[in-house]
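Asks: If you scroll down you'll find the structure; I have some questions about it.
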Amino acid sequence: MGQSQSLKLTNRRRENVVDHSCGTRSMAVEDLKELRSFLTEKEADDDDEECVSGDISILPDACLACVFQFLGTGDRKQCSLVCRRWLEIEGQSRHRLTLNAQSELVSAVPSLFSRFDSVTKLSLKCDRRSVSIDDDGLVLISQRCKNLTRLKLRSCRQLTDLGMASFAKNCKSLKRLSCGSCTFGAKGMNAVLDNCSSLEELSVKRLRGISNGVAAEPIGPGLAASSLKFICLKDLYNAQCFGPLIMSSKNLRTLKLFRCSGDWDRLLELVTDHVNGLVEVHLERLQMSDAGLAALSHCQNLEILHILKTPDCSNAGLISVAENCKLLRKLHIDGWKTNRINDEGLIGVSKNCPNLQELVLIGVNSTRVSLELLATNCQKLERLALCGSETVGDAEISCIAEKCTSLKKLCIKSCPVSDHGMEALAGGCPNLVKVKVKKCRGVTGDGVGWLRTSRESLAVNLDTTEVESQDAASDGVQDENPTVDNQIEGPSNAASSSTSRSTSFKARLGLIAGRNLMSCTFRKWSSFGGGSRCH
């Protein structure tokens, strides 16, 4: 009876077929019922029950495929070596694949995609020093993966416009395309936009085929313009040739422009005239002024704005955005220490953006005046970063500790803050859970240690500068070897003596020993604070 029962279960198991929808990590209702019936099936004979329980072979293929979806790449590889059945199921249930896209890959494409015949997300990466796959290889892959929805190309320099055109015709279900350091140009990109009508995300970085020549061929709009929601352009000389595509993407929600040459004021005006649904905008190292920010102010649904290293932008442009974009939740500003954005612009933000939750200020000289208004008017502020500001001191930190009752994460970097500021944090910001202090010369390990002791649940991360370490190291060495300390304090006298070389050597030796002692001290502080880290 036990043998007949085991044979019956084996036959039922073999009749199952892998359900590729398990890629979403969800089981069909029928599979769950079938698995439950297998696991709860009992016989009167004890031998039969012992045969069924603990036997993983009773799992249907679809259930086993769902288990594989929760494993990492390494574990999946190990599982595929267990038996032929697992090898087959693992290959048929794998939807994401990353390949070394060297020219030798072409010969392995048929066998690879015979095993992994359900891949929908493919990444092809080639080393810069190697020869990548060419058009024939990409076309062969596209013929084997007609259901491809995501493609990432990195340093595939042998691909041309013809190869991309053939690929686009075979993979019309593509939803995400990311290409970097490739050599195809505007024609290849237009072929993708014309054939992939479901394309939602497009990321382009250093596309070398369109970097040469002043009059670059326009890109877009194509059929994909109606479905695009995300566009990211990085390190492009002729990025403005994507203007027709951006302007025609009526459903565009996220626009990211990084280090792209050209005057962007006029193009941003045209874009905002046609696209009204922008929610997230990142602008970094662009040639733009307050006119570009004024154009962005027409996007009333804007929630996330990054203005990084755009020296021509000032308080006027920031105030224009704040007055019209009332839904702003996240604001990052890198003033590049030009001081064109300061208290005036931040006061405008505090008066018009009550929903602000995250504020990052880099190289912006804000004072207690603007920080107090931000804390008072922006009651939802949870994350604040102050970096490279010459005006943010203990008074400003005390203001934050007193007024920012909703603040959860605080980062202070390269600001004239001392231990007194840490003491203020110990008694304020009741919801604070994480503090990161970096390169603030006035903050010592004692101040941070006291903060950790006062609020044990608070995660505090201290990263000091080399100068601080040397000063603290001198104090640590003084207890063990006072003579070395005297030599460090009087370098001028040592230099005038005949033994200046040996004295200098001893001083350096003392500093090295002090650094080792200081590193031990930091480790003790870290363990004392519960080993908490700020990421």
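Residues in the structure tokens are numbered from 1 in each chain, the chains being A, B, ... in the order shown, and ligands are numbered from 1 in the order shown.
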Residues within 7 Å of range 311-318 of chain A, please, as a PyMOL selection string. Count only C-alpha atoms; anything in the same chain fewer than 2 positions from it doesn't count.
Replies: chain A and resi 288-290+293-294+309+320-322+335-336+338+340-342+344-345
Asks: Of the candidates A:Cys325, A:Cys79, A:Ala239, A:Leu359, which one gets nearest to Ile219 in chain A if we count only C-alpha atoms?
Replies: A:Ala239
Asks: Mind pulling up the distance from CA of Lys169 in chain A to CA of Asn190 in chain A?
Replies: 11.9 Å
Asks: Using only C-alpha atoms, which of the listed residues (A:Ile141, A:Val349, A:Ala224, A:Leu268) sits closest to Met189 in chain A?
Replies: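 Between A:Ile141, A:Val349, A:Ala224, A:Leu268, the residue approaching Met189 in chain A most closely is A:Ala224.
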Asks: So which residues of range 200-447 of chain A fall under strand (DSSP E or B) by DSSP, listed as an MDAnalysis selection string?
Replies: chainID A and resid 201:205 230:234 254:258 263 280:284 287 304:308 330:334 358:362 383:387 409:413 418 434:438 442
Asks: So, counting only C-alpha atoms, which residue among A:Ile231, A:Ala168, A:Gly163, A:Pro110 is closest to Glu201 in chain A?
Replies: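 Checking each candidate against Glu201 in chain A, we get A:Ile231 as the closest.
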Asks: Per DSSP on the backbone, filter range 226-446 of chain A down to the residues in helix (DSSP H, G or I) and report them as an MDAnalysis selection string.
Replies: chainID A and resid 226 239:248 265:274 290:296 315:324 343:352 368:377 394:403 419:427 445:446
Asks: Which is closest to Ile304 in chain A among A:Ala291, A:Leu255, A:Asn100, A:Leu267, if we use only C-alpha atoms?
Replies: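 When distances to Ile304 in chain A are compared using only C-alpha atoms, the smallest one comes from A:Leu255.
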Asks: Residues within 12 Å of Glu88 in chain A, please, as a compact mmCIF listing (two decimals) with N, CA, C and O atoms, in the first residue's frame. Count only C-alpha atoms; anything in the same chain fewer than 4 positions from it doesn't count.
Replies:
# COMPACT_ATOMS: atom_id res chain seq x y z
N VAL A 17 2.88 21.58 -14.00
CA VAL A 17 3.65 22.42 -14.90
C VAL A 17 3.99 23.71 -14.17
O VAL A 17 3.17 24.24 -13.42
N VAL A 18 5.20 24.23 -14.39
CA VAL A 18 5.63 25.45 -13.71
C VAL A 18 4.76 26.62 -14.13
O VAL A 18 4.57 26.87 -15.33
N ASP A 61 5.53 21.32 -9.07
CA ASP A 61 6.54 22.17 -9.70
C ASP A 61 6.29 23.65 -9.44
O ASP A 61 7.21 24.43 -9.22
N ALA A 62 5.01 24.04 -9.49
CA ALA A 62 4.68 25.45 -9.30
C ALA A 62 5.03 25.92 -7.90
O ALA A 62 5.54 27.03 -7.70
N LEU A 64 7.36 24.59 -5.91
CA LEU A 64 8.81 24.60 -5.81
C LEU A 64 9.40 25.84 -6.49
O LEU A 64 10.36 26.43 -6.02
N ALA A 65 8.80 26.23 -7.61
CA ALA A 65 9.25 27.44 -8.31
C ALA A 65 9.05 28.67 -7.44
O ALA A 65 9.88 29.58 -7.43
N PHE A 68 11.81 28.91 -4.96
CA PHE A 68 13.05 29.41 -5.58
C PHE A 68 13.05 30.93 -5.71
O PHE A 68 14.11 31.56 -5.68
N ARG A 76 20.16 29.72 -5.53
CA ARG A 76 19.45 29.12 -6.67
C ARG A 76 20.40 28.25 -7.48
O ARG A 76 20.01 27.18 -7.97
N LYS A 77 21.63 28.71 -7.64
CA LYS A 77 22.60 27.91 -8.39
C LYS A 77 22.85 26.58 -7.69
O LYS A 77 22.95 25.53 -8.34
N CYS A 79 20.79 25.01 -5.68
CA CYS A 79 19.58 24.18 -5.80
C CYS A 79 19.49 23.52 -7.17
O CYS A 79 18.99 22.40 -7.30
N SER A 80 19.95 24.21 -8.20
CA SER A 80 19.86 23.64 -9.55
C SER A 80 20.75 22.42 -9.73
O SER A 80 20.60 21.67 -10.70
N LEU A 81 21.69 22.20 -8.79
CA LEU A 81 22.60 21.05 -8.88
C LEU A 81 22.07 19.82 -8.14
O LEU A 81 22.71 18.77 -8.17
N VAL A 82 20.91 19.94 -7.49
CA VAL A 82 20.39 18.83 -6.70
C VAL A 82 19.97 17.67 -7.59
O VAL A 82 20.36 16.52 -7.39
N CYS A 83 19.18 17.96 -8.59
CA CYS A 83 18.68 16.90 -9.49
C CYS A 83 18.22 17.55 -10.79
O CYS A 83 18.15 18.78 -10.90
N ARG A 84 17.89 16.73 -11.75
CA ARG A 84 17.47 17.26 -13.06
C ARG A 84 16.16 18.02 -12.95
O ARG A 84 15.95 19.02 -13.64
N GLN A 92 13.29 27.44 -15.51
CA GLN A 92 12.02 27.92 -16.03
C GLN A 92 11.37 28.98 -15.16
O GLN A 92 10.52 29.73 -15.63
N SER A 93 11.78 29.05 -13.88
CA SER A 93 11.18 30.03 -12.97
C SER A 93 12.06 31.26 -12.78
O SER A 93 11.71 32.15 -12.01
N ARG A 94 13.21 31.32 -13.44
CA ARG A 94 14.09 32.49 -13.30
C ARG A 94 13.66 33.57 -14.27
O ARG A 94 13.63 33.37 -15.49
N SER A 114 17.68 28.40 -23.74
CA SER A 114 16.86 27.19 -23.76
C SER A 114 16.55 26.77 -22.32
O SER A 114 15.47 26.27 -22.03
N ARG A 115 17.52 27.00 -21.46
CA ARG A 115 17.29 26.70 -20.04
C ARG A 115 16.50 27.82 -19.37
O ARG A 115 15.50 27.57 -18.69
N PHE A 116 16.93 29.05 -19.54
CA PHE A 116 16.23 30.19 -18.94
C PHE A 116 15.28 30.79 -19.98
O PHE A 116 15.54 31.83 -20.56
N ASP A 117 14.17 30.10 -20.19
CA ASP A 117 13.27 30.51 -21.27
C ASP A 117 12.17 31.44 -20.79
O ASP A 117 11.26 31.76 -21.56
N SER A 118 12.23 31.88 -19.53
CA SER A 118 11.18 32.77 -19.00
C SER A 118 11.75 34.10 -18.54
O SER A 118 11.11 34.82 -17.77
